[in-house]
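Trainee: Got a structure for you, query.cif, holding mmCIF, C-alpha atoms.
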data_protein
loop_
_atom_site.label_atom_id
_atom_site.label_comp_id
_atom_site.auth_asym_id
_atom_site.auth_seq_id
_atom_site.Cartn_x
_atom_site.Cartn_y
_atom_site.Cartn_z
CA MET A 1 -48.63 211.71 7.17
CA ARG A 2 -44.95 210.92 7.71
CA LEU A 3 -42.65 213.90 7.33
CA PRO A 4 -39.52 213.64 5.20
CA ASP A 5 -36.29 212.87 7.05
CA PHE A 6 -33.92 215.83 6.74
CA ASN A 7 -31.34 214.41 9.25
CA LEU A 8 -31.93 217.40 11.52
CA GLN A 9 -32.95 217.42 15.18
CA VAL A 10 -35.49 220.17 15.70
CA LYS A 11 -35.46 221.41 19.30
CA PRO A 12 -38.73 222.37 20.94
CA ARG A 13 -39.50 226.05 21.12
CA SER A 14 -39.43 227.59 24.59
CA ALA A 15 -42.03 229.99 25.80
CA SER A 16 -39.50 232.84 25.71
CA SER A 17 -38.32 232.02 22.23
CA GLY A 18 -39.39 234.13 19.33
CA LYS A 19 -41.99 232.86 16.90
CA GLY A 20 -40.53 230.36 14.52
CA ARG A 21 -37.27 229.97 16.49
CA THR A 22 -35.81 227.19 18.66
CA SER A 23 -34.75 227.72 22.26
CA ASP A 24 -31.16 228.42 21.15
CA GLY A 25 -32.24 231.11 18.72
CA GLY A 26 -32.07 229.06 15.54
CA ARG A 27 -34.96 229.03 13.10
CA VAL A 28 -37.17 225.98 12.80
CA ARG A 29 -36.57 224.27 9.46
CA ARG A 30 -39.79 222.98 8.07
CA PRO A 31 -40.02 220.48 5.22
CA ALA A 32 -41.03 222.01 1.96
CA GLY A 33 -44.57 221.08 1.06
CA PRO A 34 -45.72 220.06 -2.41
CA ALA A 35 -45.86 222.79 -4.99
CA LYS A 36 -49.22 224.29 -5.63
CA THR A 37 -50.72 222.60 -8.65
CA ALA A 38 -52.74 225.69 -9.44
CA SER A 39 -49.60 227.54 -10.44
CA LYS A 40 -48.43 224.81 -12.82
CA THR A 41 -48.92 224.92 -16.55
CA PRO A 42 -50.98 222.17 -18.22
CA ALA A 43 -47.77 220.63 -19.58
CA ALA A 44 -46.19 220.56 -16.09
CA ARG A 45 -49.34 219.02 -14.60
CA ALA A 46 -49.27 216.37 -17.33
CA GLN A 47 -45.70 215.43 -16.46
CA THR A 48 -46.45 215.08 -12.73
CA SER A 49 -49.76 213.26 -13.24
CA TYR A 50 -48.36 210.35 -15.27
CA GLN A 51 -45.80 208.44 -13.27
CA GLY A 52 -44.77 204.80 -13.59
CA VAL A 53 -47.12 202.71 -15.69
CA ARG A 54 -49.46 205.68 -16.03
CA ALA A 55 -46.86 207.25 -18.32
CA LEU A 56 -48.44 205.15 -21.09
CA LEU A 57 -51.50 207.37 -20.72
CA ASN A 58 -49.53 210.59 -21.03
CA PRO A 59 -50.85 212.45 -24.11
CA LEU A 60 -47.43 214.05 -24.63
CA TRP A 61 -45.81 210.64 -24.83
CA CYS A 62 -48.52 209.60 -27.29
CA TYR A 63 -47.94 212.70 -29.41
CA TYR A 64 -44.18 212.36 -29.71
CA GLY A 65 -44.35 208.57 -29.73
CA PHE A 66 -46.72 208.61 -32.70
CA ILE A 67 -44.38 210.79 -34.76
CA THR A 68 -41.34 208.70 -33.80
CA ILE A 69 -42.95 205.36 -34.65
CA VAL A 70 -44.23 206.58 -38.02
CA VAL A 71 -40.73 207.76 -38.99
CA ALA A 72 -39.16 204.52 -37.71
CA LEU A 73 -41.62 202.33 -39.64
CA THR A 74 -41.01 204.29 -42.83
CA VAL A 75 -37.23 204.05 -42.57
CA PHE A 76 -37.46 200.36 -41.73
CA GLY A 77 -39.75 199.94 -44.73
CA LEU A 78 -37.08 201.39 -47.02
CA MET A 79 -34.61 198.79 -45.78
CA MET A 80 -37.07 195.94 -46.30
CA VAL A 81 -38.13 197.16 -49.75
CA PHE A 82 -34.50 197.07 -50.87
CA SER A 83 -33.95 193.64 -49.33
CA SER A 84 -37.12 192.10 -50.76
CA SER A 85 -36.90 193.67 -54.24
CA SER A 86 -33.20 193.51 -55.14
CA VAL A 87 -33.31 189.99 -56.60
CA ASP A 88 -36.43 190.71 -58.64
CA MET A 89 -34.91 193.94 -59.99
CA VAL A 90 -31.76 192.10 -61.14
CA ALA A 91 -33.94 189.43 -62.77
CA GLN A 92 -35.65 192.20 -64.75
CA GLY A 93 -32.30 193.58 -65.90
CA ASN A 94 -32.37 196.60 -63.58
CA SER A 95 -30.11 197.79 -60.80
CA PRO A 96 -30.75 196.04 -57.47
CA TRP A 97 -31.19 199.53 -55.98
CA SER A 98 -33.80 200.71 -58.49
CA GLN A 99 -36.91 199.89 -56.44
CA ALA A 100 -35.34 201.19 -53.23
CA ILE A 101 -34.30 204.45 -54.91
CA ARG A 102 -37.80 204.91 -56.29
CA GLN A 103 -39.30 204.21 -52.87
CA SER A 104 -36.88 206.69 -51.30
CA GLY A 105 -38.17 209.37 -53.66
CA PHE A 106 -41.74 208.65 -52.62
CA CYS A 107 -40.62 208.68 -49.00
CA LEU A 108 -39.01 212.11 -49.27
CA GLY A 109 -42.05 213.47 -51.08
CA GLY A 110 -44.35 211.98 -48.45
CA PHE A 111 -42.34 213.47 -45.59
CA ALA A 112 -42.37 216.88 -47.28
CA LEU A 113 -46.15 216.78 -47.74
CA ALA A 114 -46.60 215.50 -44.19
CA PHE A 115 -44.56 218.43 -42.88
CA VAL A 116 -46.81 220.82 -44.80
CA ALA A 117 -49.92 219.03 -43.51
CA MET A 118 -48.69 219.48 -39.94
CA ARG A 119 -48.70 223.28 -40.31
CA PHE A 120 -52.48 223.63 -40.73
CA LYS A 121 -55.04 223.70 -37.95
CA ALA A 122 -57.77 221.13 -37.45
CA SER A 123 -60.40 223.75 -38.33
CA THR A 124 -58.74 224.29 -41.71
CA TYR A 125 -59.15 220.64 -42.64
CA ARG A 126 -62.80 220.78 -41.74
CA LYS A 127 -63.29 223.72 -44.12
CA VAL A 128 -61.55 222.05 -47.08
CA SER A 129 -62.92 218.54 -46.45
CA LEU A 130 -65.88 218.78 -48.86
CA PRO A 131 -63.76 219.77 -51.90
CA ALA A 132 -61.31 217.03 -50.88
CA VAL A 133 -63.94 214.29 -50.93
CA TRP A 134 -65.31 215.54 -54.27
CA PHE A 135 -61.77 215.44 -55.65
CA GLY A 136 -61.31 211.89 -54.36
CA LEU A 137 -64.57 210.74 -55.94
CA PHE A 138 -63.59 212.38 -59.23
CA LEU A 139 -60.23 210.59 -59.27
CA GLN A 140 -61.91 207.28 -58.48
CA MET A 141 -64.32 207.74 -61.38
CA LEU A 142 -61.33 208.21 -63.71
CA THR A 143 -60.46 204.54 -63.14
CA PHE A 144 -63.42 203.67 -65.42
CA THR A 145 -62.16 205.90 -68.24
CA PRO A 146 -59.39 205.20 -70.79
CA LEU A 147 -56.96 206.54 -68.18
CA GLY A 148 -57.79 203.63 -65.89
CA ARG A 149 -55.74 200.46 -65.58
CA ALA A 150 -56.48 197.11 -63.95
CA ALA A 151 -54.07 195.00 -61.90
CA GLY A 152 -54.79 191.71 -60.18
CA GLY A 153 -58.39 191.85 -61.35
CA ASN A 154 -58.98 195.25 -59.69
CA ALA A 155 -59.63 198.40 -61.72
CA GLY A 156 -58.10 200.81 -59.22
CA TRP A 157 -55.31 202.71 -60.99
CA ILE A 158 -55.05 205.64 -63.35
CA PHE A 159 -52.03 206.49 -65.54
CA ILE A 160 -51.30 210.14 -66.33
CA GLY A 161 -48.12 211.29 -68.02
CA GLY A 162 -46.27 208.06 -67.30
CA PHE A 163 -47.16 208.11 -63.59
CA SER A 164 -49.58 205.73 -61.90
CA LEU A 165 -51.94 206.76 -59.11
CA GLN A 166 -54.31 204.78 -56.91
CA PRO A 167 -57.24 207.15 -56.24
CA ALA A 168 -58.66 205.01 -53.45
CA GLU A 169 -55.79 206.12 -51.20
CA VAL A 170 -56.79 209.74 -51.73
CA LEU A 171 -60.41 208.83 -51.05
CA LYS A 172 -59.52 207.18 -47.73
CA LEU A 173 -57.92 210.37 -46.43
CA ALA A 174 -60.70 212.55 -47.83
CA LEU A 175 -63.37 210.50 -46.05
CA CYS A 176 -61.42 210.64 -42.79
CA ILE A 177 -61.47 214.44 -42.75
CA TRP A 178 -64.94 214.97 -44.30
CA LEU A 179 -67.20 212.40 -42.65
CA PRO A 180 -66.58 213.61 -39.05
CA GLY A 181 -67.58 217.21 -39.80
CA ALA A 182 -70.55 216.15 -41.93
CA LEU A 183 -71.79 213.81 -39.18
CA ILE A 184 -71.40 216.45 -36.46
CA ASP A 185 -73.46 218.88 -38.53
CA ALA A 186 -76.03 216.15 -39.23
CA ALA A 187 -76.32 215.35 -35.52
CA ASP A 188 -77.02 219.02 -34.79
CA ARG A 189 -79.74 219.18 -37.45
CA SER A 190 -81.18 215.88 -36.26
CA GLY A 191 -81.54 217.31 -32.75
CA GLN A 192 -83.35 220.33 -34.17
CA GLY A 193 -86.16 218.21 -35.58
CA GLU A 194 -84.91 216.84 -38.91
CA GLY A 195 -84.48 213.35 -37.48
CA LEU A 196 -82.86 210.68 -39.60
CA LYS A 197 -83.17 212.80 -42.76
CA ALA A 198 -80.33 214.98 -41.48
CA TYR A 199 -77.86 212.16 -42.22
CA TRP A 200 -78.52 211.83 -45.93
CA ARG A 201 -75.45 213.84 -47.00
CA PRO A 202 -72.80 211.84 -45.10
CA ALA A 203 -74.60 208.61 -45.96
CA ALA A 204 -74.68 209.49 -49.67
CA GLY A 205 -70.99 210.45 -49.69
CA PHE A 206 -69.97 207.25 -47.93
CA LEU A 207 -72.09 205.04 -50.21
CA ALA A 208 -70.73 206.80 -53.31
CA ALA A 209 -67.15 206.10 -52.24
CA PHE A 210 -67.94 202.52 -51.32
CA GLY A 211 -69.87 201.90 -54.53
CA LEU A 212 -67.15 203.26 -56.82
CA ILE A 213 -64.47 201.11 -55.17
CA MET A 214 -66.66 197.99 -55.22
CA ALA A 215 -67.38 198.65 -58.90
CA GLY A 216 -63.64 198.36 -59.44
CA LYS A 217 -63.70 194.98 -57.63
CA ASP A 218 -61.18 196.14 -55.03
CA LEU A 219 -62.57 194.28 -52.03
CA GLY A 220 -59.61 194.97 -49.72
CA THR A 221 -59.85 198.74 -50.12
CA ALA A 222 -63.64 198.54 -49.84
CA MET A 223 -63.23 196.90 -46.42
CA ILE A 224 -61.07 199.82 -45.25
CA ILE A 225 -63.71 202.27 -46.50
CA VAL A 226 -66.31 200.32 -44.51
CA PHE A 227 -64.12 200.53 -41.39
CA ILE A 228 -63.79 204.29 -41.77
CA GLY A 229 -67.51 204.79 -42.40
CA LEU A 230 -68.79 202.55 -39.61
CA VAL A 231 -66.42 204.02 -37.04
CA ALA A 232 -67.31 207.59 -38.03
CA PHE A 233 -71.06 206.94 -37.81
CA PHE A 234 -70.72 205.07 -34.50
CA VAL A 235 -68.51 207.62 -32.73
CA SER A 236 -70.57 210.58 -33.94
CA GLY A 237 -73.69 209.32 -32.14
CA PHE A 238 -75.67 207.96 -35.09
CA PRO A 239 -78.83 206.16 -33.83
CA LEU A 240 -77.77 202.65 -32.84
CA LYS A 241 -80.84 200.92 -34.28
CA TRP A 242 -80.11 202.19 -37.76
CA PHE A 243 -76.38 201.76 -37.28
CA PHE A 244 -76.62 198.04 -36.59
CA THR A 245 -79.13 197.63 -39.41
CA ALA A 246 -76.71 199.24 -41.85
CA ALA A 247 -73.80 197.19 -40.46
CA VAL A 248 -75.65 193.90 -40.97
CA ALA A 249 -76.63 194.93 -44.49
CA GLY A 250 -73.03 195.84 -45.27
CA VAL A 251 -71.67 192.51 -44.01
CA ALA A 252 -74.32 190.64 -45.98
CA GLY A 253 -73.38 192.60 -49.10
CA ILE A 254 -69.67 191.76 -48.73
CA ILE A 255 -70.45 188.06 -48.20
CA GLY A 256 -72.71 188.10 -51.24
CA PHE A 257 -69.94 189.78 -53.23
CA PHE A 258 -67.64 186.91 -52.31
CA VAL A 259 -70.15 184.15 -53.00
CA LEU A 260 -71.76 185.52 -56.17
CA GLY A 261 -68.75 187.34 -57.57
CA HIS A 262 -65.85 186.16 -59.66
CA GLY A 263 -64.80 182.55 -59.12
CA ASN A 264 -61.25 183.64 -58.29
CA ARG A 265 -62.48 185.10 -55.00
CA MET A 266 -63.91 181.76 -53.88
CA GLN A 267 -60.62 180.13 -54.82
CA ARG A 268 -58.80 182.63 -52.62
CA ILE A 269 -61.13 181.77 -49.74
CA MET A 270 -60.48 178.07 -50.23
CA ALA A 271 -56.74 178.78 -50.33
CA ALA A 272 -56.99 180.46 -46.93
CA TYR A 273 -59.47 178.16 -45.17
CA GLY A 274 -59.51 174.95 -47.20
CA GLU A 275 -57.02 172.35 -48.31
CA CYS A 276 -54.89 173.03 -51.37
CA SER A 277 -54.54 170.30 -53.96
CA SER A 278 -51.33 169.68 -55.87
CA ASP A 279 -52.67 171.79 -58.74
CA ASP A 280 -53.66 174.62 -56.39
CA LEU A 281 -50.14 174.74 -54.96
CA LYS A 282 -49.01 175.93 -58.38
CA GLY A 283 -51.96 178.31 -58.78
CA VAL A 284 -54.21 180.16 -56.35
CA CYS A 285 -52.51 178.73 -53.23
CA TYR A 286 -48.98 179.48 -54.42
CA GLN A 287 -48.59 182.94 -52.90
CA SER A 288 -50.19 182.05 -49.56
CA VAL A 289 -48.15 178.87 -49.17
CA HIS A 290 -44.83 180.57 -49.92
CA GLY A 291 -45.73 183.37 -47.53
CA LEU A 292 -46.13 180.77 -44.78
CA TYR A 293 -42.87 179.12 -45.86
CA ALA A 294 -41.10 182.45 -45.36
CA MET A 295 -42.62 182.99 -41.91
CA ALA A 296 -41.81 179.42 -40.83
CA SER A 297 -38.19 179.54 -41.98
CA GLY A 298 -37.53 182.73 -39.99
CA GLY A 299 -37.66 181.01 -36.63
CA LEU A 300 -37.09 183.10 -33.53
CA THR A 301 -34.38 185.50 -34.72
CA GLY A 302 -34.59 185.19 -38.52
CA VAL A 303 -32.07 184.28 -41.19
CA GLY A 304 -30.59 187.79 -41.22
CA LEU A 305 -31.29 190.95 -43.21
CA GLY A 306 -30.86 190.32 -46.92
CA ASN A 307 -30.74 186.54 -46.56
CA SER A 308 -34.35 185.70 -47.45
CA ARG A 309 -34.72 182.64 -49.65
CA GLU A 310 -38.32 183.21 -50.68
CA LYS A 311 -37.51 186.52 -52.35
CA TRP A 312 -35.54 184.61 -55.00
CA ASN A 313 -38.56 184.67 -57.34
CA TYR A 314 -40.53 182.23 -55.17
CA LEU A 315 -42.81 184.67 -53.34
CA PRO A 316 -44.87 186.98 -55.60
CA GLU A 317 -45.16 190.63 -54.50
CA ALA A 318 -42.45 190.11 -51.90
CA HIS A 319 -41.73 193.85 -51.73
CA ASN A 320 -45.38 194.90 -51.69
CA ASP A 321 -48.38 192.99 -50.32
CA PHE A 322 -46.27 190.18 -48.83
CA ILE A 323 -43.39 192.21 -47.43
CA PHE A 324 -44.34 191.11 -43.92
CA ALA A 325 -43.44 187.54 -44.93
CA VAL A 326 -39.92 188.70 -45.79
CA ILE A 327 -39.78 190.61 -42.50
CA GLY A 328 -40.72 187.44 -40.64
CA GLU A 329 -38.13 185.41 -42.55
CA GLU A 330 -35.23 187.82 -42.17
CA THR A 331 -35.90 189.19 -38.66
CA GLY A 332 -37.75 186.21 -37.24
CA PHE A 333 -40.52 186.07 -34.69
CA ILE A 334 -38.93 188.86 -32.67
CA GLY A 335 -38.82 191.29 -35.60
CA ALA A 336 -42.35 190.43 -36.71
CA VAL A 337 -43.71 191.01 -33.21
CA ILE A 338 -41.91 194.37 -32.97
CA VAL A 339 -43.56 195.50 -36.21
CA ILE A 340 -46.98 194.40 -34.94
CA LEU A 341 -46.42 196.20 -31.62
CA ALA A 342 -45.39 199.32 -33.52
CA PHE A 343 -48.76 199.44 -35.27
CA VAL A 344 -50.54 198.72 -31.97
CA ALA A 345 -48.67 201.66 -30.45
CA VAL A 346 -49.69 203.91 -33.36
CA GLY A 347 -53.33 202.99 -32.81
CA TRP A 348 -53.03 203.38 -29.04
CA CYS A 349 -51.49 206.84 -29.31
CA MET A 350 -54.17 208.09 -31.70
CA LEU A 351 -57.06 206.64 -29.69
CA ARG A 352 -55.64 207.83 -26.35
CA VAL A 353 -55.48 211.43 -27.54
CA ALA A 354 -58.84 211.12 -29.31
CA LEU A 355 -60.62 209.99 -26.16
CA THR A 356 -59.38 212.96 -24.12
CA THR A 357 -59.39 215.87 -26.57
CA PRO A 358 -62.29 218.33 -26.15
CA ASP A 359 -62.61 218.88 -29.91
CA PRO A 360 -65.28 216.49 -31.29
CA TYR A 361 -64.14 216.90 -34.90
CA ALA A 362 -60.51 216.06 -34.11
CA ARG A 363 -61.68 213.15 -31.97
CA ILE A 364 -63.59 211.46 -34.80
CA VAL A 365 -60.85 212.15 -37.36
CA LEU A 366 -58.24 210.49 -35.16
CA VAL A 367 -60.43 207.45 -34.55
CA CYS A 368 -61.13 207.07 -38.28
CA MET A 369 -57.43 207.31 -39.14
CA ALA A 370 -56.50 204.83 -36.41
CA PHE A 371 -58.92 202.25 -37.79
CA TRP A 372 -57.70 202.94 -41.33
CA ILE A 373 -53.97 202.55 -40.67
CA VAL A 374 -54.04 199.87 -37.97
CA GLY A 375 -56.94 198.01 -39.57
CA GLN A 376 -55.14 197.85 -42.92
CA ALA A 377 -51.94 196.70 -41.22
CA LEU A 378 -53.75 193.91 -39.37
CA ILE A 379 -55.51 192.79 -42.55
CA ASN A 380 -52.20 192.70 -44.44
CA ILE A 381 -50.53 190.69 -41.66
CA SER A 382 -53.52 188.35 -41.38
CA VAL A 383 -53.33 187.65 -45.13
CA VAL A 384 -49.64 186.73 -44.85
CA LEU A 385 -50.38 184.45 -41.88
CA GLY A 386 -53.18 182.73 -43.79
CA LEU A 387 -55.93 184.05 -41.51
CA LEU A 388 -57.61 185.98 -44.35
CA PRO A 389 -57.74 185.41 -48.12
CA VAL A 390 -55.39 187.40 -50.33
CA MET A 391 -56.79 190.92 -50.83
CA GLY A 392 -53.94 193.01 -52.22
CA LEU A 393 -53.60 195.55 -49.40
CA PRO A 394 -50.12 196.99 -48.72
CA LEU A 395 -48.61 197.28 -45.24
CA PRO A 396 -48.84 201.00 -44.28
CA PHE A 397 -45.51 202.89 -44.21
CA VAL A 398 -43.59 199.69 -45.07
CA SER A 399 -44.70 198.18 -48.39
CA ALA A 400 -43.44 199.43 -51.74
CA GLY A 401 -45.84 201.70 -53.57
CA GLY A 402 -45.91 205.41 -54.21
CA THR A 403 -49.52 206.44 -53.65
CA ALA A 404 -50.01 204.30 -50.55
CA LEU A 405 -46.82 205.50 -48.85
CA VAL A 406 -47.31 209.18 -49.67
CA LEU A 407 -50.96 209.23 -48.55
CA CYS A 408 -50.20 207.34 -45.33
CA LEU A 409 -47.51 209.89 -44.48
CA VAL A 410 -49.86 212.76 -45.34
CA ALA A 411 -52.50 211.17 -43.11
CA ALA A 412 -49.95 211.04 -40.29
CA GLY A 413 -49.21 214.72 -40.93
CA VAL A 414 -52.93 215.54 -40.72
CA ALA A 415 -53.21 213.57 -37.47
CA VAL A 416 -50.59 215.79 -35.79
CA PRO A 417 -52.71 219.00 -35.69
CA MET A 418 -55.68 216.88 -34.61
CA MET A 419 -53.61 215.73 -31.64
CA ARG A 420 -52.65 219.33 -30.90
CA THR A 421 -56.27 220.09 -30.00
CA HIS A 422 -55.55 218.30 -26.72
CA PRO A 423 -54.85 220.99 -24.05
CA ASP A 424 -51.71 219.35 -22.65
CA ILE A 425 -50.19 218.79 -26.09
CA GLN A 426 -51.13 222.28 -27.23
CA ALA A 427 -49.53 223.85 -24.15
CA ALA A 428 -46.30 221.85 -24.61
CA VAL A 429 -45.99 222.36 -28.37
CA SER A 430 -46.72 226.09 -28.19
CA LYS A 431 -43.44 226.58 -26.29
CA ILE A 432 -41.35 225.01 -29.05
#
Would you kindly transcribe this structure into structure tokens?
Mentor:
Amino acid sequence: MRLPDFNLQVKPRSASSGKGRTSDGGRVRRPAGPAKTASKTPAARAQTSYQGVRALLNPLWCYYGFITIVVALTVFGLMMVFSSSSVDMVAQGNSPWSQAIRQSGFCLGGFALAFVAMRFKASTYRKVSLPAVWFGLFLQMLTFTPLGRAAGGNAGWIFIGGFSLQPAEVLKLALCIWLPGALIDAADRSGQGEGLKAYWRPAAGFLAAFGLIMAGKDLGTAMIIVFIGLVAFFVSGFPLKWFFTAAVAGVAGIIGFFVLGHGNRMQRIMAAYGECSSDDLKGVCYQSVHGLYAMASGGLTGVGLGNSREKWNYLPEAHNDFIFAVIGEETGFIGAVIVILAFVAVGWCMLRVALTTPDPYARIVLVCMAFWIVGQALINISVVLGLLPVMGLPLPFVSAGGTALVLCLVAAGVAVPMMRTHPDIQAAVSKI
């Protein structure tokens, strides 16, 4: 091994010289060797182990990067909600700032709840997960009572005291923290001789959530519930033969729901994958076509923030489900790609920590949340780009909407203590 160059000429030691001295009496200067890794803390070892490109694998970078990106997406979402909603608010006789101010209130409330969620340990969430999922199921059942309201053909809202709430968002988070613990317990009982019967509780809870949402005809949210459930069962070690059987049955059920369900769903499919007639351009194809118009007119760098043309009462739900179309129009291809990469980075950070944490419960929770948030973002973007039929799913952290924004921020807050189960992250955070 080549020694470092210290620009010193070391003279050979004579036989009469003392040990460790040169022939003229000077001490031999030896290059300092590498520090002993055994004496380093886990955080210090993490910093020295991830150099260059390997820094992308650093769990500490993933931890702080996740928090930073979530905050950045939320703040950017506030800007885009104001830009995309101002014209519509004026048309309704309101202040152009009204939607943005309302969204800011939800944002502050979501950040406050996320900060509280960060203070609890992963074990605490496992203890309260069962009451949480029962609460989510109860709220979802209220959508079929006089408190429930329908929008866009989906019965997924409840109105209490002048406030609206979408219970499915609560149910998503509840499933993410309950299913992992229930499946770990089921796997233990299965190994003790109960076999497949040990999984009846998590299977029943998942099917109840899926059934209630499908009963409300909210296919987009049902797909996210399926993502969460399938990922949780797969990662927890559920027998593959039964897993693939259930997956095929679930896909067949969703296809049957499309084919045999309400005719409007088939029209949405034709709008995405078929040709639109002149009549369709004024009906079922209208939103999809104007979303593509917005993306196409953005070009490489966009028309500039606030300068969207489609938001002038051409594009329905410009501040909600189709906000990505306004992002593409105003910030162009570059801005749209940055938003997509931000969600990819969120998923990467959560999965990177999940794959290396020793806590199995935190691992499955992080994977479920990653597929929820990133999966929903990709579905929303695919709808805007015409790759999927219109489903009515908001873009996480960005779209207007109180329940969706608050619950996404709370989910991010819950993900933080899950990440802290990683030894390197725990060692670094404990010093702060």
Trainee: For a cutoff of 10 Å around the file-coordinate point (-51.2, 206.0, -61.9), which residues qualify once you count all atoms listed in the file? I'd like the result as a PyMOL selection string.
Mentor: chain A and resi 143+147-149+156-167+402-403
Trainee: So that I can check the surroundings of His319 in chain A, please list as a PDB file with C-alpha atoms, keeping the file's coordinate frame every protein, DNA and RNA residue that reaches within 12 Å of it, counting all atoms listed in the file and ignoring chain neighbours fewer than 2 positions away.
Mentor:
ATOM      1  CA  GLY A  77     -39.750 199.940 -44.730  1.00  0.00           C
ATOM      2  CA  LEU A  78     -37.080 201.390 -47.020  1.00  0.00           C
ATOM      3  CA  MET A  79     -34.610 198.790 -45.780  1.00  0.00           C
ATOM      4  CA  MET A  80     -37.070 195.940 -46.300  1.00  0.00           C
ATOM      5  CA  VAL A  81     -38.130 197.160 -49.750  1.00  0.00           C
ATOM      6  CA  PHE A  82     -34.500 197.070 -50.870  1.00  0.00           C
ATOM      7  CA  SER A  83     -33.950 193.640 -49.330  1.00  0.00           C
ATOM      8  CA  SER A  84     -37.120 192.100 -50.760  1.00  0.00           C
ATOM      9  CA  SER A  85     -36.900 193.670 -54.240  1.00  0.00           C
ATOM     10  CA  SER A  86     -33.200 193.510 -55.140  1.00  0.00           C
ATOM     11  CA  VAL A  87     -33.310 189.990 -56.600  1.00  0.00           C
ATOM     12  CA  ASP A  88     -36.430 190.710 -58.640  1.00  0.00           C
ATOM     13  CA  MET A  89     -34.910 193.940 -59.990  1.00  0.00           C
ATOM     14  CA  GLN A  99     -36.910 199.890 -56.440  1.00  0.00           C
ATOM     15  CA  ALA A 100     -35.340 201.190 -53.230  1.00  0.00           C
ATOM     16  CA  GLN A 103     -39.300 204.210 -52.870  1.00  0.00           C
ATOM     17  CA  GLY A 291     -45.730 183.370 -47.530  1.00  0.00           C
ATOM     18  CA  SER A 308     -34.350 185.700 -47.450  1.00  0.00           C
ATOM     19  CA  GLU A 310     -38.320 183.210 -50.680  1.00  0.00           C
ATOM     20  CA  LYS A 311     -37.510 186.520 -52.350  1.00  0.00           C
ATOM     21  CA  TRP A 312     -35.540 184.610 -55.000  1.00  0.00           C
ATOM     22  CA  ASN A 313     -38.560 184.670 -57.340  1.00  0.00           C
ATOM     23  CA  LEU A 315     -42.810 184.670 -53.340  1.00  0.00           C
ATOM     24  CA  PRO A 316     -44.870 186.980 -55.600  1.00  0.00           C
ATOM     25  CA  GLU A 317     -45.160 190.630 -54.500  1.00  0.00           C
ATOM     26  CA  ASP A 321     -48.380 192.990 -50.320  1.00  0.00           C
ATOM     27  CA  PHE A 322     -46.270 190.180 -48.830  1.00  0.00           C
ATOM     28  CA  ILE A 323     -43.390 192.210 -47.430  1.00  0.00           C
ATOM     29  CA  PHE A 324     -44.340 191.110 -43.920  1.00  0.00           C
ATOM     30  CA  ALA A 325     -43.440 187.540 -44.930  1.00  0.00           C
ATOM     31  CA  VAL A 326     -39.920 188.700 -45.790  1.00  0.00           C
ATOM     32  CA  ILE A 327     -39.780 190.610 -42.500  1.00  0.00           C
ATOM     33  CA  PRO A 394     -50.120 196.990 -48.720  1.00  0.00           C
ATOM     34  CA  LEU A 395     -48.610 197.280 -45.240  1.00  0.00           C
ATOM     35  CA  VAL A 398     -43.590 199.690 -45.070  1.00  0.00           C
ATOM     36  CA  SER A 399     -44.700 198.180 -48.390  1.00  0.00           C
ATOM     37  CA  ALA A 400     -43.440 199.430 -51.740  1.00  0.00           C
ATOM     38  CA  GLY A 401     -45.840 201.700 -53.570  1.00  0.00           C
TER      39      GLY A 401
END
Trainee: How far is it from CA of Leu73 in chain A to CA of Ala336 in chain A, in Å with one decimal?
Mentor: 12.3 Å
Trainee: For a test of reading the model, state the distance in Å between CA of Ala174 in chain A and CA of Val133 in chain A, rounded to one decimal.
Mentor: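 Those two atoms sit 4.8 Å apart.
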Trainee: Any chance you could resolve the PyMOL selection byres ((chain A and resi 357) around 9) against this file and give the residues as a ChimeraX atom specification?
Mentor: /A:352-356,358-360,362-363,418-423
Trainee: For the file shown, what are the residues hit by the PyMOL selection byres ((chain A and resi 136) around 12), laid out as a PyMOL selection string?
Mentor: chain A and resi 129-135+137-143+165-178+205-206+208-210+212-213
Trainee: If I put a ball of radius 10 Å at (-53.1, 196.7, -38.6) in the file's coordinates, which residues poke into it when counting only C-alpha atoms, written as a list in words?
Mentor: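 Every polymer residue passing the test: Val339, Ile340, Leu341, Ala342, Phe343, Val344, Val346, Gly347, Ala370, Phe371, Trp372, Ile373, Val374, Gly375, Gln376, Ala377, Leu378, Ile379, Asn380, Ile381, Ser382, Leu395 and Pro396 of chain A.
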Trainee: Could you rebuild range 113-118 of chain A with N, CA and C atoms and give it back as a JSON list (two decimals), keeping the file's coordinate frame?
Mentor:
[["chain", "number", "residue", "atom", "x", "y", "z"],
["A", 113, "LEU", "N", -44.72, 216.48, -47.80],
["A", 113, "LEU", "CA", -46.15, 216.78, -47.74],
["A", 113, "LEU", "C", -46.69, 216.64, -46.32],
["A", 114, "ALA", "N", -46.17, 215.67, -45.58],
["A", 114, "ALA", "CA", -46.60, 215.50, -44.19],
["A", 114, "ALA", "C", -46.20, 216.72, -43.35],
["A", 115, "PHE", "N", -45.00, 217.25, -43.61],
["A", 115, "PHE", "CA", -44.56, 218.43, -42.88],
["A", 115, "PHE", "C", -45.47, 219.62, -43.17],
["A", 116, "VAL", "N", -45.88, 219.75, -44.44],
["A", 116, "VAL", "CA", -46.81, 220.82, -44.80],
["A", 116, "VAL", "C", -48.16, 220.60, -44.13],
["A", 117, "ALA", "N", -48.62, 219.34, -44.12],
["A", 117, "ALA", "CA", -49.92, 219.03, -43.51],
["A", 117, "ALA", "C", -49.93, 219.33, -42.02],
["A", 118, "MET", "N", -48.78, 219.21, -41.37],
["A", 118, "MET", "CA", -48.69, 219.48, -39.94],
["A", 118, "MET", "C", -48.89, 220.96, -39.61]]
